[in-house]
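Novice: Just data-v9.cif, nothing more (mmCIF, C-alpha atoms):
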data_run
loop_
_atom_site.label_atom_id
_atom_site.label_comp_id
_atom_site.auth_asym_id
_atom_site.auth_seq_id
_atom_site.Cartn_x
_atom_site.Cartn_y
_atom_site.Cartn_z
CA MET A 1 0.00 0.00 0.00
CA ALA A 2 2.80 2.34 0.89
CA THR A 3 3.93 2.21 -2.72
CA ASP A 4 0.52 2.30 -4.35
CA HIS A 5 -0.99 5.46 -2.93
CA PRO A 6 0.04 9.11 -3.08
CA ALA A 7 1.73 9.53 0.26
CA HIS A 8 0.58 13.07 0.98
CA GLN A 9 -2.07 13.28 3.64
CA PRO A 10 -4.31 16.36 3.63
CA ALA A 11 -2.99 19.08 5.94
CA SER A 12 -5.26 20.26 8.74
CA LEU A 13 -7.82 22.95 7.87
CA SER A 14 -6.63 25.15 10.71
CA SER A 15 -3.11 25.33 9.24
CA TYR A 16 -4.56 26.99 6.13
CA PHE A 17 -6.61 29.50 8.10
CA ILE A 18 -3.73 30.35 10.44
CA THR A 19 -1.48 30.88 7.40
CA PHE A 20 -4.10 33.13 5.84
CA GLY A 21 -4.31 35.14 9.08
CA LEU A 22 -0.53 35.52 9.19
CA LEU A 23 -0.46 36.65 5.54
CA MET A 24 -3.13 39.27 6.28
CA PHE A 25 -1.20 40.50 9.33
CA LEU A 26 2.03 40.75 7.31
CA THR A 27 0.20 42.65 4.54
CA ILE A 28 -0.99 45.23 7.08
CA LEU A 29 2.50 45.33 8.59
CA THR A 30 4.18 45.97 5.24
CA VAL A 31 1.79 48.86 4.48
CA TYR A 32 2.36 50.33 7.96
CA VAL A 33 6.14 50.02 7.66
CA GLY A 34 6.00 51.51 4.15
CA PHE A 35 4.63 54.78 5.54
CA GLN A 36 7.40 55.07 8.15
CA ASN A 37 10.51 57.01 7.29
CA LEU A 38 13.16 54.33 7.72
CA GLY A 39 15.64 55.63 5.18
CA ALA A 40 17.83 52.93 3.68
CA TRP A 41 16.12 50.25 5.78
CA SER A 42 12.70 50.55 4.20
CA THR A 43 13.43 48.35 1.18
CA PRO A 44 15.26 45.54 3.07
CA ILE A 45 12.41 45.44 5.62
CA ALA A 46 9.72 45.43 2.90
CA LEU A 47 11.57 42.63 1.07
CA GLY A 48 12.09 40.73 4.33
CA ILE A 49 8.34 40.76 5.01
CA ALA A 50 7.66 39.69 1.40
CA VAL A 51 10.14 36.80 1.75
CA ILE A 52 8.41 35.63 4.96
CA LYS A 53 5.02 35.80 3.18
CA ALA A 54 6.38 33.87 0.20
CA ALA A 55 7.89 31.26 2.55
CA LEU A 56 4.49 30.81 4.24
CA VAL A 57 2.82 30.29 0.87
CA VAL A 58 5.50 27.83 -0.29
CA THR A 59 5.61 25.76 2.92
CA ILE A 60 1.90 25.62 3.79
CA PHE A 61 -0.25 26.46 0.73
CA MET A 62 2.11 24.73 -1.71
CA HIS A 63 2.81 21.85 0.72
CA GLY A 64 6.56 22.49 0.68
CA LEU A 65 6.70 21.31 4.28
CA ASN A 66 5.43 17.85 3.30
CA SER A 67 7.35 17.62 0.04
CA GLY A 68 10.31 15.41 -0.65
CA PRO A 69 13.93 16.38 -1.31
CA LEU A 70 13.40 16.60 -5.09
CA THR A 71 10.90 19.45 -4.66
CA TRP A 72 13.31 21.24 -2.36
CA VAL A 73 16.14 20.86 -4.86
CA ILE A 74 13.95 22.79 -7.30
CA ILE A 75 12.87 25.43 -4.77
CA LEU A 76 16.47 26.04 -3.71
CA ALA A 77 17.70 25.94 -7.33
CA SER A 78 15.20 28.67 -8.30
CA MET A 79 16.42 30.86 -5.45
CA PHE A 80 20.05 30.09 -6.28
CA PHE A 81 19.74 31.09 -9.93
CA LEU A 82 17.65 34.16 -9.10
CA THR A 83 20.36 35.21 -6.63
CA ILE A 84 23.02 34.74 -9.31
CA MET A 85 21.07 36.82 -11.81
CA LEU A 86 20.31 39.69 -9.43
CA GLY A 87 23.57 39.47 -7.48
CA LEU A 88 26.00 39.49 -10.37
CA MET A 89 24.08 42.23 -12.16
CA LEU A 90 24.03 44.40 -9.06
CA SER A 91 27.72 43.77 -8.37
CA ASP A 92 28.37 45.23 -11.81
CA TYR A 93 26.15 48.29 -11.51
CA VAL A 94 26.99 49.08 -7.87
CA SER A 95 30.76 48.87 -8.40
CA ARG A 96 30.91 50.95 -11.58
CA GLY A 97 31.44 54.16 -9.65
CA TRP A 98 34.38 52.75 -7.72
CA ILE A 99 36.86 52.95 -10.58
CA MET A 100 35.97 56.41 -11.81
CA MET B 1 -5.63 8.42 -20.61
CA SER B 2 -8.69 6.53 -19.38
CA ALA B 3 -9.11 4.97 -22.80
CA THR B 4 -5.58 3.63 -22.52
CA ASN B 5 -6.42 2.16 -19.16
CA GLU B 6 -9.50 0.46 -20.59
CA LEU B 7 -7.23 -1.14 -23.20
CA VAL B 8 -4.84 -2.24 -20.50
CA LYS B 9 -7.70 -3.77 -18.58
CA ASP B 10 -9.01 -5.51 -21.69
CA ALA B 11 -5.57 -6.95 -22.25
CA GLY B 12 -5.89 -8.73 -18.95
CA HIS B 13 -4.03 -6.33 -16.70
CA ALA B 14 -7.00 -5.79 -14.43
CA HIS B 15 -4.77 -5.03 -11.46
CA HIS B 16 -3.97 -1.64 -13.01
CA HIS B 17 -5.66 1.21 -11.18
CA LYS B 18 -8.02 3.17 -13.46
CA ASP B 19 -6.13 6.42 -12.85
CA LEU B 20 -2.67 4.93 -13.30
CA ALA B 21 -1.08 5.65 -16.68
CA HIS B 22 0.66 2.51 -17.85
CA HIS B 23 4.13 4.02 -18.06
CA PHE B 24 4.15 4.44 -14.28
CA ASP B 25 4.58 1.63 -11.78
CA THR B 26 2.59 3.08 -8.93
CA LEU B 27 0.17 5.91 -8.23
CA GLU B 28 2.72 7.48 -5.94
CA GLN B 29 5.38 7.45 -8.64
CA GLN B 30 2.89 9.04 -11.04
CA HIS B 31 1.93 11.66 -8.46
CA ASP B 32 5.56 12.52 -7.68
CA ALA B 33 6.45 12.78 -11.37
CA ASN B 34 3.49 15.12 -12.01
CA LEU B 35 4.47 17.27 -9.08
CA LEU B 36 8.14 17.41 -10.00
CA GLY B 37 7.27 18.50 -13.54
CA MET B 38 5.10 21.32 -12.21
CA TRP B 39 7.78 22.52 -9.81
CA ALA B 40 10.34 22.46 -12.63
CA PHE B 41 7.97 24.63 -14.69
CA LEU B 42 7.63 27.04 -11.78
CA LEU B 43 11.44 27.29 -11.60
CA THR B 44 11.47 28.56 -15.18
CA GLU B 45 8.69 30.98 -14.22
CA VAL B 46 10.79 32.36 -11.34
CA LEU B 47 13.54 33.17 -13.83
CA PHE B 48 11.01 34.48 -16.39
CA PHE B 49 9.70 37.06 -13.92
CA GLY B 50 13.25 37.36 -12.56
CA GLY B 51 14.35 39.17 -15.72
CA LEU B 52 11.81 41.92 -15.09
CA PHE B 53 12.72 42.06 -11.40
CA ALA B 54 16.38 42.40 -12.44
CA ALA B 55 15.55 45.32 -14.77
CA TYR B 56 13.52 46.89 -11.97
CA THR B 57 16.37 46.43 -9.47
CA ILE B 58 18.96 48.08 -11.71
CA TYR B 59 16.88 51.13 -12.62
CA ARG B 60 15.50 51.47 -9.13
CA TYR B 61 19.12 51.58 -7.96
CA LYS B 62 20.14 54.12 -10.61
CA TYR B 63 17.09 56.42 -10.44
CA SER B 64 15.87 55.86 -6.88
CA ALA B 65 14.65 59.42 -6.21
CA VAL B 66 12.41 59.67 -9.29
CA PHE B 67 11.22 56.05 -8.84
CA GLU B 68 10.03 56.91 -5.33
CA GLU B 69 8.17 59.97 -6.62
CA ALA B 70 6.68 58.00 -9.50
CA SER B 71 5.55 55.20 -7.19
CA ASN B 72 3.52 57.75 -5.23
CA HIS B 73 1.06 58.14 -8.09
CA LEU B 74 -0.11 54.56 -7.71
CA ASP B 75 -3.05 53.98 -5.39
CA ILE B 76 -1.81 52.15 -2.29
CA LYS B 77 -5.37 51.45 -1.10
CA LEU B 78 -6.26 49.64 -4.32
CA GLY B 79 -2.93 47.81 -4.32
CA ALA B 80 -3.47 46.64 -0.73
CA LEU B 81 -7.07 45.66 -1.52
CA ASN B 82 -5.81 43.56 -4.42
CA THR B 83 -3.20 41.93 -2.17
CA VAL B 84 -5.97 40.89 0.23
CA ILE B 85 -8.15 39.63 -2.64
CA LEU B 86 -5.34 37.57 -4.14
CA ILE B 87 -4.33 36.00 -0.80
CA LEU B 88 -8.01 35.16 -0.25
CA SER B 89 -8.02 33.42 -3.64
CA SER B 90 -4.91 31.51 -2.57
CA LEU B 91 -6.75 30.33 0.55
CA THR B 92 -9.75 29.14 -1.48
CA MET B 93 -7.35 27.41 -3.90
CA ALA B 94 -5.62 25.63 -0.98
CA LEU B 95 -9.04 24.52 0.25
CA ALA B 96 -9.93 23.25 -3.24
CA VAL B 97 -6.77 21.13 -3.31
CA ARG B 98 -7.55 19.80 0.15
CA CYS B 99 -11.08 18.83 -0.90
CA SER B 100 -9.66 17.00 -3.92
CA GLN B 101 -7.33 15.09 -1.58
CA THR B 102 -10.30 13.92 0.47
CA GLY B 103 -12.30 13.10 -2.65
CA ASN B 104 -14.94 15.82 -2.28
CA GLY B 105 -15.54 16.73 -5.92
CA LEU B 106 -18.42 19.10 -5.24
CA TRP B 107 -16.44 21.32 -2.90
CA THR B 108 -13.28 21.05 -4.99
CA GLY B 109 -15.35 22.63 -7.75
CA ASN B 110 -17.00 25.17 -5.46
CA TRP B 111 -13.71 26.41 -4.02
CA LEU B 112 -12.24 26.61 -7.54
CA VAL B 113 -15.19 28.74 -8.69
CA LEU B 114 -14.69 31.01 -5.68
CA THR B 115 -10.97 31.25 -6.53
CA MET B 116 -11.92 32.47 -10.00
CA VAL B 117 -14.40 34.98 -8.54
CA PHE B 118 -11.62 36.50 -6.42
CA GLY B 119 -9.30 36.36 -9.43
CA PHE B 120 -11.79 38.34 -11.54
CA ALA B 121 -12.22 40.84 -8.70
CA PHE B 122 -8.45 41.33 -8.69
CA LEU B 123 -8.37 41.96 -12.43
CA GLY B 124 -11.37 44.30 -12.11
CA VAL B 125 -9.53 46.46 -9.58
CA LYS B 126 -6.38 46.26 -11.69
CA SER B 127 -8.13 47.43 -14.85
CA MET B 128 -9.66 50.35 -12.92
CA GLU B 129 -6.14 51.34 -11.90
CA TRP B 130 -4.81 50.99 -15.43
CA GLY B 131 -7.72 53.06 -16.75
CA HIS B 132 -6.93 55.80 -14.26
CA ASP B 133 -3.22 55.71 -15.15
CA TYR B 134 -4.16 56.09 -18.81
CA LYS B 135 -6.43 59.02 -18.06
CA VAL B 136 -3.77 60.91 -16.13
CA ARG B 137 -1.25 60.16 -18.90
CA LEU B 138 1.07 57.92 -16.93
CA MET B 139 1.00 55.32 -19.71
CA PRO B 140 4.56 55.21 -21.08
CA GLY B 141 4.59 56.44 -24.67
CA LYS B 142 4.35 59.58 -26.73
CA ASP B 143 1.81 61.26 -24.46
CA PHE B 144 3.53 60.31 -21.24
CA PHE B 145 3.22 63.27 -18.98
CA TRP B 146 5.22 63.45 -15.82
CA TRP B 147 7.21 66.49 -15.02
CA GLN B 148 4.63 69.21 -14.62
CA TYR B 149 2.07 66.74 -13.32
CA ALA B 150 4.51 65.75 -10.60
CA LYS B 151 5.04 69.39 -9.79
CA ALA B 152 1.32 70.16 -9.69
CA ALA B 153 0.65 67.07 -7.57
CA LYS B 154 3.37 68.14 -5.15
CA ASP B 155 1.77 71.59 -4.85
CA MET B 156 -1.58 70.00 -4.17
CA HIS B 157 -0.08 67.86 -1.42
CA THR B 158 1.48 70.83 0.30
CA HIS B 159 -1.77 72.80 0.03
CA GLY B 160 -3.74 69.90 1.40
CA GLY B 161 -5.67 69.36 -1.83
CA GLY B 162 -7.34 66.11 -2.79
CA HIS B 163 -6.50 63.92 -5.74
CA GLU B 164 -7.73 66.38 -8.34
CA LEU B 165 -5.81 66.43 -11.57
CA PRO B 166 -4.08 69.49 -12.94
CA ASP B 167 -5.82 71.03 -15.92
CA MET B 168 -4.50 68.84 -18.70
CA LYS B 169 -5.47 71.18 -21.53
CA ASN B 170 -3.13 73.97 -20.53
CA VAL B 171 -0.03 72.01 -19.67
CA LYS B 172 3.07 71.71 -21.72
CA SER B 173 4.35 68.43 -23.01
CA ASP B 174 7.24 66.61 -21.36
CA THR B 175 9.25 67.20 -24.53
CA ASN B 176 9.00 70.97 -24.07
CA PRO B 177 12.50 72.46 -24.20
CA GLU B 178 11.59 74.81 -21.32
CA LEU B 179 11.84 71.85 -18.96
CA GLY B 180 15.57 71.79 -19.41
CA VAL B 181 17.80 68.76 -19.36
CA LYS B 182 16.99 67.83 -15.76
CA GLY B 183 13.23 67.97 -16.29
CA ARG B 184 13.40 65.82 -19.38
CA GLN B 185 15.68 63.32 -17.63
CA GLU B 186 13.27 63.05 -14.72
CA SER B 187 10.42 62.51 -17.12
CA GLU B 188 12.33 59.72 -18.86
CA GLN B 189 13.18 58.04 -15.56
CA ALA B 190 9.57 58.20 -14.39
CA ARG B 191 8.52 56.77 -17.75
CA LEU B 192 10.89 53.87 -17.12
CA PHE B 193 9.20 53.23 -13.77
CA TYR B 194 5.80 53.14 -15.44
CA LEU B 195 7.09 50.95 -18.25
CA LEU B 196 8.27 48.42 -15.63
CA TYR B 197 5.02 48.84 -13.70
CA PHE B 198 2.89 48.08 -16.75
CA CYS B 199 5.10 45.21 -17.95
CA MET B 200 5.26 43.52 -14.55
CA THR B 201 1.60 43.94 -13.60
CA SER B 202 0.35 42.94 -17.04
CA LEU B 203 2.59 39.87 -17.24
CA HIS B 204 1.23 38.96 -13.82
CA ALA B 205 -2.34 39.56 -15.03
CA LEU B 206 -1.66 37.46 -18.13
CA HIS B 207 -0.68 34.59 -15.86
CA MET B 208 -3.98 34.95 -14.03
CA ILE B 209 -5.92 34.92 -17.31
CA VAL B 210 -4.11 31.71 -18.34
CA GLY B 211 -4.96 30.38 -14.86
CA PHE B 212 -8.69 31.05 -15.44
CA GLY B 213 -8.64 28.87 -18.52
CA ILE B 214 -6.98 25.95 -16.74
CA ILE B 215 -9.07 26.32 -13.57
CA THR B 216 -12.24 26.25 -15.69
CA ILE B 217 -11.26 22.89 -17.17
CA ILE B 218 -10.23 21.45 -13.78
CA THR B 219 -13.48 22.71 -12.22
CA TYR B 220 -15.45 20.87 -14.91
CA TYR B 221 -13.64 17.61 -14.16
CA ALA B 222 -13.91 18.16 -10.40
CA TYR B 223 -17.72 18.44 -10.65
CA LYS B 224 -17.66 15.31 -12.81
CA GLY B 225 -15.93 13.49 -9.98
CA ALA B 226 -12.68 12.81 -11.83
CA TYR B 227 -10.49 13.37 -8.77
CA SER B 228 -10.00 11.11 -5.79
CA PRO B 229 -7.44 10.62 -3.00
CA ASP B 230 -5.66 8.34 -5.50
CA TYR B 231 -5.55 10.91 -8.27
CA TYR B 232 -5.68 14.65 -7.68
CA SER B 233 -2.41 15.90 -9.27
CA PRO B 234 -4.18 18.20 -11.77
CA VAL B 235 -5.85 20.09 -8.91
CA GLU B 236 -2.63 20.20 -6.90
CA ASN B 237 -0.68 21.45 -9.95
CA ILE B 238 -3.07 24.29 -10.79
CA GLY B 239 -2.92 25.10 -7.07
CA LEU B 240 0.87 25.37 -7.24
CA TYR B 241 0.56 27.63 -10.30
CA TRP B 242 -1.98 29.91 -8.61
CA HIS B 243 0.07 30.19 -5.41
CA PHE B 244 3.12 31.06 -7.51
CA VAL B 245 1.17 33.90 -9.14
CA ASP B 246 0.21 35.02 -5.64
CA ILE B 247 3.88 35.04 -4.58
CA VAL B 248 4.80 37.24 -7.56
CA TRP B 249 2.20 39.77 -6.44
CA ILE B 250 3.46 39.58 -2.83
CA PHE B 251 6.75 41.00 -4.17
CA LEU B 252 5.21 43.39 -6.73
CA PHE B 253 3.01 45.15 -4.19
CA PRO B 254 5.74 46.60 -1.91
CA LEU B 255 8.21 47.12 -4.78
CA LEU B 256 5.79 49.09 -6.97
CA TYR B 257 3.24 50.65 -4.62
CA LEU B 258 5.00 51.23 -1.30
CA LEU B 259 8.28 52.52 -2.66
CA GLY B 260 7.61 56.19 -1.96
CA ALA B 261 4.89 55.88 0.67
CA HIS B 262 7.13 57.42 3.30
CA LEU B 263 7.19 60.65 1.27
CA VAL B 264 3.41 61.13 1.69
CA HIS B 265 2.49 63.01 4.82
#
For the file at hand, write its structure as structure tokens.
Specialist:
Amino acid sequence: MATDHPAHQPASLSSYFITFGLLMFLTILTVYVGFQNLGAWSTPIALGIAVIKAALVVTIFMHGLNSGPLTWVIILASMFFLTIMLGLMLSDYVSRGWIM
Amino acid sequence: MSATNELVKDAGHAHHHKDLAHHFDTLEQQHDANLLGMWAFLLTEVLFFGGLFAAYTIYRYKYSAVFEEASNHLDIKLGALNTVILILSSLTMALAVRCSQTGNGLWTGNWLVLTMVFGFAFLGVKSMEWGHDYKVRLMPGKDFFWWQYAKAAKDMHTHGGGHELPDMKNVKSDTNPELGVKGRQESEQARLFYLLYFCMTSLHALHMIVGFGIITIITYYAYKGAYSPDYYSPVENIGLYWHFVDIVWIFLFPLLYLLGAHLVH
């Protein structure tokens, strides 16, 4: 039986509603923080909140928490390549002024 | 696929499950393969949107002051409303997937319909915003109008005015030489912000429209009772797609709408 049935058991209903509540709270938080004058910190904080929200969606709504290593290889690979794309591009643009 | 299974059965392989395609050994293997394929597709989607996010990052870095000003002409209330609507649709999608896992076809279908209702509400709000942007000439193109509008809007803020528009008939074009080099540069940078805004939000909206088509088909099969605890990958896969679209918006909202919010007081 263990080999003849999709292994994933339905997650509890409450986990979905709690996640939804957290996402709503973080949406309000990100709007509140957006109106504060935090200078250079405002973008890292806004992105930090967005990353937490995305992580909630991936782990609970998309069942990342109950997924096998192959799924996580793909999730981590997408982040890895996105980091390469943004990181290397930024390292170019940010450092251009240094040699002037 | 079911026709193939009938053939398999007729050939004497009655032990084959009706939902198991014959090139898989077990339902679990089939389920895992379906899921892996969908995740691999989403990886390409991350990099697809990533190109636009990269362009945004570079120009945001180069022209941060004008980008913050330009961001202030988007409606934060509508953006936040749409965030709430889209997360609601993600919840109903998660519930649809859960109902398909427990074999409840009726409620799988119902939650999917509700997901589409929220999706249409999102696009309704979005098209209102786009219509407004067009009216106030923030659509990047020949008639893009930024510099004097920005100035007039700034005056209105300081005088405590509402969101009334400056009189469009008597204003000069952004290409007017009187603006000087700086004015024209600012106009071009703001136009770049709006170009990215329209590209990113419309690519996102396009993904939702594609989603409607697929959800409609899955809803039809859900009501027909095609999904069971043994076979629900199509519902789970459209769920993954929809949640991915939600995640894109989770990043678009602060990056596009909240960028210059701290300037408004």
Novice: How close does chain B get to chain A? List, as CSV, each residue of chain B within 7 Å, its nearest atom pair and the distance in Å to one decimal, counting only C-alpha atoms.
Specialist:
residue,atom,partner,partner_atom,distance
B:Thr26,CA,A:Asp4,CA,5.1
B:Leu27,CA,A:Asp4,CA,5.3
B:Glu28,CA,A:Pro6,CA,4.2
B:His31,CA,A:Pro6,CA,6.2
B:Leu36,CA,A:Thr71,CA,6.3
B:Trp39,CA,A:Ile74,CA,6.7
B:Ala40,CA,A:Ile74,CA,6.4
B:Leu43,CA,A:Ser78,CA,5.2
B:Val46,CA,A:Ser78,CA,6.5
B:Leu47,CA,A:Leu82,CA,6.3
B:Gly50,CA,A:Leu82,CA,6.4
B:Ala54,CA,A:Leu86,CA,5.6
B:Ile58,CA,A:Leu90,CA,6.8
B:Val84,CA,A:Met24,CA,6.9
B:Leu91,CA,A:Phe20,CA,6.5
B:Ala94,CA,A:Phe61,CA,5.7
B:Arg98,CA,A:Pro10,CA,5.9
B:Gln101,CA,A:Pro10,CA,6.2
B:Asp230,CA,A:His5,CA,6.1
B:Leu240,CA,A:Met62,CA,5.7
B:His243,CA,A:Val57,CA,6.9
B:Ile247,CA,A:Ala54,CA,5.5
B:Ile250,CA,A:Ala50,CA,6.0
B:Phe251,CA,A:Ala50,CA,5.8
B:Pro254,CA,A:Ala46,CA,6.4
B:Leu258,CA,A:Gly34,CA,5.5
B:Ala261,CA,A:Phe35,CA,5.0
B:His262,CA,A:Phe35,CA,4.3
Novice: So how many Å separate CA of Gly124 (chain B) and CA of Ile238 (chain B), to one decimal?
Specialist: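 According to the coordinates, CA of Gly124 (chain B) and CA of Ile238 (chain B) are separated by 21.7 Å.
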Novice: Between CA of Glu69 (chain B) and CA of Thr201 (chain B), what is the distance, to one decimal in Å?
Specialist: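 That distance, rounded to one decimal, is 18.7 Å.
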Novice: So which residues touch region 109-123 of chain B within 9 Å, counting all atoms listed in the file, skipping near sequence neighbours fewer than 2 positions away, as number ranges by chain?
Specialist: B: 81-83, 85-86, 88-97, 99-100, 104-107, 125-128, 205, 208-209, 211-212, 215-216, 218-223
Novice: Starting from the shown file, work through the PyMOL selection byres ((chain B and resi 233) around 8) and note down what comes out as an MDAnalysis selection string.
Specialist: chainID B and resid 31 34:35 231:232 234:237
Novice: Take CA of Ile84 (chain A) and CA of Leu196 (chain B) and report the distance between them in Å, one decimal.
Specialist: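 Here the two named atoms are 21.1 Å from each other.
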Novice: If the PyMOL selection byres ((chain B and resi 70-78) around 10) were run on this exact file, what residues would it hold? Put them as an MDAnalysis selection string.
Specialist: (chainID A and resid 31) or (chainID B and resid 64:69 79:84 122 125:126 128:130 132:133 136 138 146 150 153 163 186:187 189:194 197 253:264)
